[in-house]
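**Student:** Dropping the structure in here first, questions after.
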Amino acid sequence: MIASMRRFGRWVSLVSKREFSNSSGFEKNAEQSPKSLNLYSAINQALHIALETDPRAYVFGEDVSFGGVFRCTTGLADRFGKNRVFNTPLCEQGIVGFGIGLAALGNRAIAEIQFADYIYPAFDQIVNEAAKFRYRSGNQFNCGGLTIRAPYGAVGHGGHYHSQSPEAFFCHVPGIKVVIPRSPQQAKGLLLSCIRDPNPVVFFEPKWLYRLAVEDVPEDDYMLPLSEAEVLRGGTDITLVGWGAQLSIMEQACLDAEKDGISCELIDLRTLIPWDKDTIETSVKKTGRLLISHEAPVTGGFGAEISASIVERCFSRLEAPITRICGLDTPFPLVFEPFYMPTKNKILDAIKSTVGY
Amino acid sequence: MATLLLGRSRSAIQNLLKRTALLSALTHSPPPSSSAASHVGCRYRAPPSQGNRSLAVLFPFSRHESTKAQIQLQQTHLAEDDDTQVQLDEVLDFPGGKVAFTSEMRFIPESAEKRVPCYRVLNDDGVPMPYSNYVKVSKEMAVKMYSAMVTLQTMDNVFYELQRQGRISFYLTSMGEEAVNIASAAALSADDVILPQYREPGVLLWRGFTLQEFANQLMGNEADFGKGKQMPIHYGSNKHNYITISSPIATQLPQAAGVAYALKMEGGKACAVTYFGDGASSEGDFHAAMNFAAVMEAPVIFICRNNGWAISTPIEEQFRSDGVVVKGRAYGIRSIRVDGNDTLAVYSAVRTAREMAVNENRPVLIEALTYRAGHHSTSDDSTKYRSIDEIEYWKKARNPVNRFKRWLESNEWWGDEDELKLRQSVKKELLQAIQVAEKAQKPALEELFRDVYDQVPSNLEGQERQLRETIKKHIGDYPSDVPL
């Protein structure tokens, strides 16, 4: 696993660059002089701040000590010591179980699962333990200090086990929050919010963007709100909802649609549970159309939940069926990745047919 | 294959036993010998302070920093292989420590020649074993322990009946395991954090959880700390450092490693203590926990109640190892097997394990051999899969409460009158607690939506509004004892 991971570092720099605009990415609370950073460096900065501002914060996981296979934990062990930043044995259920125990005693346990594809051995600890820890004890105990970070999503060459987007599994679990950032600036602010949120959070990091997405990131300690979607570009004809790396693809489709005179409103959901229905509802009531896009397989994906909820709330305002442009219902394929993916043109075609319905 | 091995081996007489062990391993018959047996069962001694001096000569290379594990490994090789063809001048400088080479192809047998013996202090009649080595217990402490065991026993009888009468939905007794429950609890400090499975209510009882509090949980009333959200017997109490029970097996074990690590970082003198059964040792979480605890040097005591049965599955169908105690060594964890029905043995072992855990920041594994004298739960009839004779033998001849009582009586610390008085007063208190708990209200409906998160999110607010509308329309569909 480690060997293949290290290869990723090289591969990532070889894949064609995904364009990403940060036009609307900045929020008012980002004040200090920004510095251009890629996504993994922004994560790294957030972890530095988390450890610096809370002596009871810990960072651990497979290979985090030397900086992590994606370099997100670089320099942490040197600065904060091996008692607070450490390698764990290669065992995901152990990492999460250990993290729950650490958090249950009032610590901030920041656990890294090396790839979201390998989070399943920890599923029981997340679903049956972390998510229910507070509820089942009548709030006598909680493990709210637990944050589980995991790189997710396509990377161009990842195949079955270095590409998955398992967010929907976790969105079916009351008691945890699921958060996915789209850019370096977002990643830093959202991660700090997750770490400091008094509930266990699963934080999926778009690994395709670790090196590719570069934007100005304020150096100070700032947090971005959870459970608040963000409208990235205003539009009047159709609402597009997505999260993570998929947003840059959707944005390209929006730009192309604009050339055909279609005005798209693009929304980053950011927190998948508990999610911000109101923002989507307001937008769809205005545009009358909705397209949802995610890399995960379409069936049972979180897009289905958004679609159902918006039909419930906006049925009479809809002018066309809600469209989902997502991954196919296959395991994530290696050679066929370009066919599997919800690409810009698939989205663009869907925008056109929805608007012309 | 055997002939070939014999032909190739050296003729030294002192190696005969080991070669026989290899042959046995290959032919699947019990191995007649293993030097490992001599390491287990011996009394706890402080770990060697430094590596053997001669190691420096034997292992001149020092590519890797010497670790405790490395020293142990090297010593083990010297101790076990000094009579074999170990080529000490040629070592494999391997990550984690140097390994000596040997020209002898010898498989480690699948089991030791002798099973790991079981530490006990009192025999079945409550008479101390000759030369037994144990932590002394005062009269006051002994009486307190015995009283708690009787209370636990009485509580189980009364609550079991309560379930049979249909007044609570479920119950699960600790019958036959009173000594593991109470003696282990008595050996700990109140600061130690307990991560229980579900057959250790005695630990909570020992810490001062009242019979009323037990009854409240069983009834799921508004005074239940868990606010009626879990099935009966899923107790938990923050003030008693007893983390709320969850049903999934073994999930508490890796959490205990995390709790222990947190306690170590706080720098206090407390450890984590986690309980589980023989069945739990088959779960992946057991492996995760043991390995994490060892690697993280976490002060945690793993107490396995090996009670012979995981619901209907006997231990022969659970594992092929010599129980659970032998697994400790594979993880680098100090371990002991103890007679779980011997109050003094459990008390002594847990007290000593606690000192090791807290003073040396290390995990310790205790396998307590006991017996689940009751059914798995009120949903189970264990006579369907085990003989009544077996149950009766353990209930009577090997009853832990009776055994400890005989010892108390032999010290003239306890008499028939004390016994009668105690049992009567506990029963009275229990019946009263049940009455109060039954009369108490259920938790209010709003509790349904609370504590999912620290604050109620908007989707749950919406669902609460919607549910209340439905209740107004169909009030008869809902229980009348839940305040709206």
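Starting from 1 in every chain, residues are counted up; chains themselves are A, B, ... following the order of the structure tokens, and ligands are numbered from 1 as listed.
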Taking the backbone alone, and naming residues the way the document does, which bits of stretch 152-218 of chain B are helix (DSSP H, G or I) by DSSP, as JSON, numbers by chain?

**Tutor:** {"B": [152, 153, 154, 155, 156, 157, 158, 159, 160, 161, 162, 163, 164, 178, 179, 180, 181, 182, 183, 184, 185, 186, 201, 202, 203, 204, 205, 206, 211, 212, 213, 214, 215, 216, 217, 218]}

**Student:** Write a file of the selected residues as a compact mmCIF listing (two decimals), in the first residue's frame, keeping N, CA and C atoms.

**Tutor:**
```txt
# COMPACT_ATOMS: atom_id res chain seq x y z
N LEU B 152 -24.75 -8.52 44.11
CA LEU B 152 -24.80 -8.77 42.67
C LEU B 152 -25.64 -10.02 42.38
N GLN B 153 -25.40 -11.05 43.17
CA GLN B 153 -26.13 -12.31 43.01
C GLN B 153 -27.64 -12.09 43.21
N THR B 154 -27.97 -11.35 44.27
CA THR B 154 -29.37 -11.10 44.59
C THR B 154 -30.02 -10.24 43.51
N MET B 155 -29.26 -9.22 43.09
CA MET B 155 -29.74 -8.34 42.03
C MET B 155 -30.08 -9.15 40.78
N ASP B 156 -29.18 -10.06 40.42
CA ASP B 156 -29.41 -10.89 39.23
C ASP B 156 -30.68 -11.72 39.39
N ASN B 157 -30.85 -12.33 40.55
CA ASN B 157 -32.03 -13.17 40.77
C ASN B 157 -33.31 -12.36 40.66
N VAL B 158 -33.33 -11.20 41.31
CA VAL B 158 -34.54 -10.39 41.35
C VAL B 158 -34.85 -9.80 39.97
N PHE B 159 -33.83 -9.26 39.31
CA PHE B 159 -34.06 -8.64 38.01
C PHE B 159 -34.41 -9.68 36.95
N TYR B 160 -33.82 -10.86 37.08
CA TYR B 160 -34.14 -11.94 36.14
C TYR B 160 -35.63 -12.30 36.24
N GLU B 161 -36.09 -12.41 37.47
CA GLU B 161 -37.51 -12.70 37.71
C GLU B 161 -38.40 -11.58 37.17
N LEU B 162 -37.91 -10.37 37.34
CA LEU B 162 -38.66 -9.20 36.87
C LEU B 162 -38.89 -9.29 35.35
N GLN B 163 -37.87 -9.74 34.67
CA GLN B 163 -38.01 -9.90 33.21
C GLN B 163 -38.97 -11.03 32.91
N ARG B 164 -38.89 -12.10 33.68
CA ARG B 164 -39.79 -13.25 33.47
C ARG B 164 -41.25 -12.85 33.69
N GLU B 178 -19.30 -13.67 39.65
CA GLU B 178 -19.31 -12.64 40.68
C GLU B 178 -17.89 -12.28 41.15
N ALA B 179 -17.02 -13.28 41.21
CA ALA B 179 -15.66 -13.01 41.71
C ALA B 179 -14.89 -12.13 40.73
N VAL B 180 -14.99 -12.42 39.43
CA VAL B 180 -14.28 -11.60 38.44
C VAL B 180 -14.79 -10.16 38.54
N ASN B 181 -16.09 -10.03 38.64
CA ASN B 181 -16.70 -8.71 38.72
C ASN B 181 -16.18 -7.93 39.93
N ILE B 182 -16.40 -8.48 41.09
CA ILE B 182 -16.17 -7.71 42.31
C ILE B 182 -14.69 -7.62 42.67
N ALA B 183 -13.98 -8.74 42.57
CA ALA B 183 -12.59 -8.72 43.00
C ALA B 183 -11.75 -7.83 42.09
N SER B 184 -12.04 -7.84 40.79
CA SER B 184 -11.27 -6.97 39.90
C SER B 184 -11.57 -5.51 40.21
N ALA B 185 -12.85 -5.21 40.45
CA ALA B 185 -13.23 -3.83 40.75
C ALA B 185 -12.55 -3.36 42.03
N ALA B 186 -12.50 -4.25 43.01
CA ALA B 186 -11.92 -3.89 44.32
C ALA B 186 -10.42 -3.63 44.21
N PRO B 201 -21.60 -5.78 35.58
CA PRO B 201 -22.29 -4.76 36.37
C PRO B 201 -21.72 -4.66 37.79
N GLY B 202 -21.05 -5.74 38.22
CA GLY B 202 -20.47 -5.74 39.57
C GLY B 202 -19.41 -4.65 39.74
N VAL B 203 -18.73 -4.32 38.65
CA VAL B 203 -17.70 -3.28 38.73
C VAL B 203 -18.36 -1.94 39.04
N LEU B 204 -19.50 -1.71 38.39
CA LEU B 204 -20.25 -0.47 38.59
C LEU B 204 -20.85 -0.45 39.99
N LEU B 205 -21.35 -1.60 40.41
CA LEU B 205 -21.92 -1.75 41.76
C LEU B 205 -20.86 -1.41 42.81
N TRP B 206 -19.67 -1.95 42.59
CA TRP B 206 -18.57 -1.72 43.54
C TRP B 206 -18.25 -0.22 43.64
N LEU B 211 -28.62 0.56 43.65
CA LEU B 211 -29.61 -0.38 43.11
C LEU B 211 -30.73 0.39 42.43
N GLN B 212 -31.04 1.58 42.96
CA GLN B 212 -32.05 2.42 42.32
C GLN B 212 -31.59 2.82 40.91
N GLU B 213 -30.31 3.15 40.79
CA GLU B 213 -29.78 3.55 39.47
C GLU B 213 -29.81 2.37 38.49
N PHE B 214 -29.52 1.18 38.99
CA PHE B 214 -29.64 -0.01 38.14
C PHE B 214 -31.09 -0.17 37.67
N ALA B 215 -32.01 -0.07 38.64
CA ALA B 215 -33.43 -0.27 38.31
C ALA B 215 -33.91 0.79 37.31
N ASN B 216 -33.45 2.02 37.48
CA ASN B 216 -33.84 3.09 36.56
C ASN B 216 -33.40 2.78 35.13
N GLN B 217 -32.18 2.25 34.99
CA GLN B 217 -31.71 1.93 33.64
C GLN B 217 -32.56 0.81 33.05
N LEU B 218 -32.84 -0.21 33.85
CA LEU B 218 -33.60 -1.36 33.34
C LEU B 218 -35.00 -0.94 32.88
```

**Student:** Taking only residues of chain A that have an atom at most 7 Å from an atom of chain B, what is each one's shortest atom pair and its distance in Å to one decimal, using only C-alpha atoms, in chain and number order, as CSV?

**Tutor:**
```
residue,atom,partner,partner_atom,distance
A:Pro89,CA,B:Phe292,CA,6.7
A:Cys91,CA,B:Ala288,CA,6.6
A:Gln93,CA,B:Asp285,CA,6.8
A:Gly94,CA,B:Ala288,CA,4.8
A:Gly97,CA,B:Gln255,CA,4.6
A:Phe98,CA,B:Gly258,CA,4.0
A:Gly99,CA,B:Gly258,CA,6.0
A:Ile100,CA,B:Gln255,CA,5.8
A:Gly101,CA,B:Gln255,CA,4.1
A:Leu102,CA,B:Gly258,CA,4.5
A:Leu105,CA,B:Val259,CA,6.5
A:Gln125,CA,B:Thr251,CA,6.8
A:Arg134,CA,B:Asp451,CA,5.9
A:Tyr135,CA,B:Asp451,CA,4.8
A:Arg136,CA,B:Lys229,CA,5.9
A:Ser137,CA,B:Gly226,CA,4.7
A:Gly138,CA,B:Gly226,CA,4.1
A:Asn139,CA,B:Asp451,CA,5.9
A:Gln140,CA,B:Asn238,CA,5.7
A:Phe141,CA,B:Asn238,CA,6.9
A:Pro174,CA,B:Val452,CA,6.5
A:Gly175,CA,B:Val452,CA,4.9
A:Pro198,CA,B:Asp454,CA,6.5
A:Asn199,CA,B:Tyr453,CA,6.2
A:Pro274,CA,B:Pro457,CA,6.8
```

**Student:** Would you mind exporting the chosen residues as a compact mmCIF listing (two decimals), in the first residue's frame, restricted to N, CA and C atoms?

**Tutor:**
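Result file follows (again15.txt):
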```
# COMPACT_ATOMS: atom_id res chain seq x y z
N PRO A 89 0.02 1.24 14.13
CA PRO A 89 0.04 0.01 13.34
C PRO A 89 -0.95 0.10 12.17
N CYS A 91 -3.84 -0.66 10.76
CA CYS A 91 -5.08 -1.27 11.22
C CYS A 91 -6.12 -0.17 11.40
N GLN A 93 -9.39 -0.15 11.95
CA GLN A 93 -10.34 -0.21 13.06
C GLN A 93 -9.64 0.16 14.36
N GLY A 94 -8.36 -0.15 14.43
CA GLY A 94 -7.57 0.23 15.59
C GLY A 94 -7.39 1.74 15.65
N GLY A 97 -10.82 3.22 16.62
CA GLY A 97 -11.14 2.83 18.00
C GLY A 97 -10.26 3.57 18.99
N PHE A 98 -8.97 3.60 18.72
CA PHE A 98 -8.02 4.32 19.56
C PHE A 98 -8.41 5.80 19.63
N GLY A 99 -8.77 6.36 18.49
CA GLY A 99 -9.15 7.77 18.43
C GLY A 99 -10.40 8.06 19.25
N ILE A 100 -11.34 7.15 19.22
CA ILE A 100 -12.56 7.33 20.02
C ILE A 100 -12.20 7.38 21.51
N GLY A 101 -11.35 6.45 21.93
CA GLY A 101 -10.94 6.42 23.34
C GLY A 101 -10.21 7.69 23.74
N LEU A 102 -9.33 8.14 22.87
CA LEU A 102 -8.56 9.36 23.14
C LEU A 102 -9.51 10.55 23.24
N LEU A 105 -11.84 11.06 26.40
CA LEU A 105 -11.28 11.69 27.59
C LEU A 105 -11.00 13.18 27.39
N GLN A 125 -16.48 0.83 13.94
CA GLN A 125 -16.08 1.80 14.96
C GLN A 125 -16.70 3.17 14.68
N ARG A 134 -22.39 9.56 22.08
CA ARG A 134 -23.09 10.56 22.88
C ARG A 134 -24.54 10.11 23.15
N TYR A 135 -25.20 9.71 22.09
CA TYR A 135 -26.63 9.39 22.17
C TYR A 135 -26.88 8.25 23.15
N ARG A 136 -26.09 7.20 23.02
CA ARG A 136 -26.36 6.00 23.80
C ARG A 136 -26.06 6.19 25.28
N SER A 137 -25.31 7.21 25.61
CA SER A 137 -24.95 7.44 27.01
C SER A 137 -25.79 8.55 27.61
N GLY A 138 -26.76 9.07 26.87
CA GLY A 138 -27.55 10.19 27.39
C GLY A 138 -26.67 11.40 27.62
N ASN A 139 -25.68 11.58 26.74
CA ASN A 139 -24.75 12.71 26.80
C ASN A 139 -23.83 12.67 28.02
N GLN A 140 -23.68 11.50 28.61
CA GLN A 140 -22.68 11.40 29.69
C GLN A 140 -21.27 11.33 29.14
N PHE A 141 -21.16 10.75 27.95
CA PHE A 141 -19.87 10.63 27.29
C PHE A 141 -20.03 11.10 25.84
N PRO A 174 -26.65 8.97 11.50
CA PRO A 174 -26.84 10.09 12.42
C PRO A 174 -25.77 10.06 13.52
N GLY A 175 -25.26 11.22 13.84
CA GLY A 175 -24.26 11.30 14.92
C GLY A 175 -22.88 11.69 14.44
N PRO A 198 -17.66 19.92 18.31
CA PRO A 198 -17.86 18.94 19.40
C PRO A 198 -18.58 17.67 18.96
N ASN A 199 -18.42 17.28 17.71
CA ASN A 199 -19.02 16.04 17.20
C ASN A 199 -17.98 15.32 16.36
N PRO A 274 -24.85 17.18 8.85
CA PRO A 274 -26.21 17.58 8.48
C PRO A 274 -26.12 18.68 7.41
```

**Student:** Which one of A:Asp54, A:Trp275, A:Asn44, A:Ile351 sits closest to A:Gly67 if you count only C-alpha atoms?

**Tutor:** A:Asn44

**Student:** Please list as a list of chain:residue names every residue within 12 Å of A:Ala308, counting only C-alpha atoms and excluding residues in the same chain fewer than 6 positions away.

**Tutor:**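 Selected residues are A:Lys277, A:Glu281, A:Leu290, A:Ile292, A:Gly300, A:Gly301, A:Phe302, A:Cys314, A:Phe315, A:Pro321, A:Ile322, A:Thr323, A:Arg324.
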
**Student:** Which value, in Å to one decimal, gives the distance between atom CA of B:Thr343 and atom CA of B:Tyr134?

**Tutor:**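 Here the two named atoms are 10.9 Å from each other.
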
**Student:** How far is it from atom CA of B:Ile303 to atom CA of B:Ser379, in Å with one decimal?

**Tutor:**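 Going from atom CA of B:Ile303 over to atom CA of B:Ser379 covers 25.5 Å.
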
**Student:** In Å, rounded to a single decimal, give me how far atom CA of A:Gly244 is from atom CA of A:Asp260.

**Tutor:**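 Separation between atom CA of A:Asp260 and atom CA of A:Gly244: 26.0 Å.
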
**Student:** Report as a list in words: the residues of stretch 178-308 of chain B with a DSSP assignment of strand (DSSP E), based on the backbone of this structure.

**Tutor:** Val193, Ile194, Leu195, Ala272, Val273, Thr274, Tyr275, Phe276, Gly277, Val300, Ile301, Phe302, Ile303, Cys304, Arg305 and Asn306 of chain B

**Student:** Under the rule that only C-alpha atoms are counted, which of A:Gln164, A:Asn142, A:Ser65, A:Asn83 is the nearest residue to A:Glu112?

**Tutor:**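 When distances to A:Glu112 are compared using only C-alpha atoms, the smallest one comes from A:Ser65.
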
**Student:** Closest to B:Asp381 among B:Ser281, B:Ser312, B:Asn361, B:Thr210, using only C-alpha atoms?

**Tutor:**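 The answer is B:Ser312, which sits nearest to B:Asp381.
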
**Student:** Taking only C-alpha atoms into account, name the residue in B:Lys327, B:Arg403, B:Lys384, B:His474 that is nearest to B:Gly340.

**Tutor:**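 Using only C-alpha atoms, the shortest distance to B:Gly340 belongs to B:Arg403.
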
**Student:** Neighbours of A:Leu226 within 12 Å (only C-alpha atoms; same-chain residues fewer than 3 positions away dropped), as JSON, numbers by chain?

**Tutor:** {"A": [177, 178, 179, 180, 181, 186, 187, 189, 190, 191, 192, 193, 194, 195, 196, 197, 198, 199, 201, 203, 223, 229, 230, 268, 269, 270, 271, 272, 273, 274, 275, 276], "B": [457]}

**Student:** Rank nothing, just name the residue among A:Tyr161, A:Phe66, A:Phe80, A:Tyr40 nearest to A:Pro184, using only C-alpha atoms.

**Tutor:**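 Looking only at the distances to A:Pro184, the closest residue turns out to be A:Tyr40.
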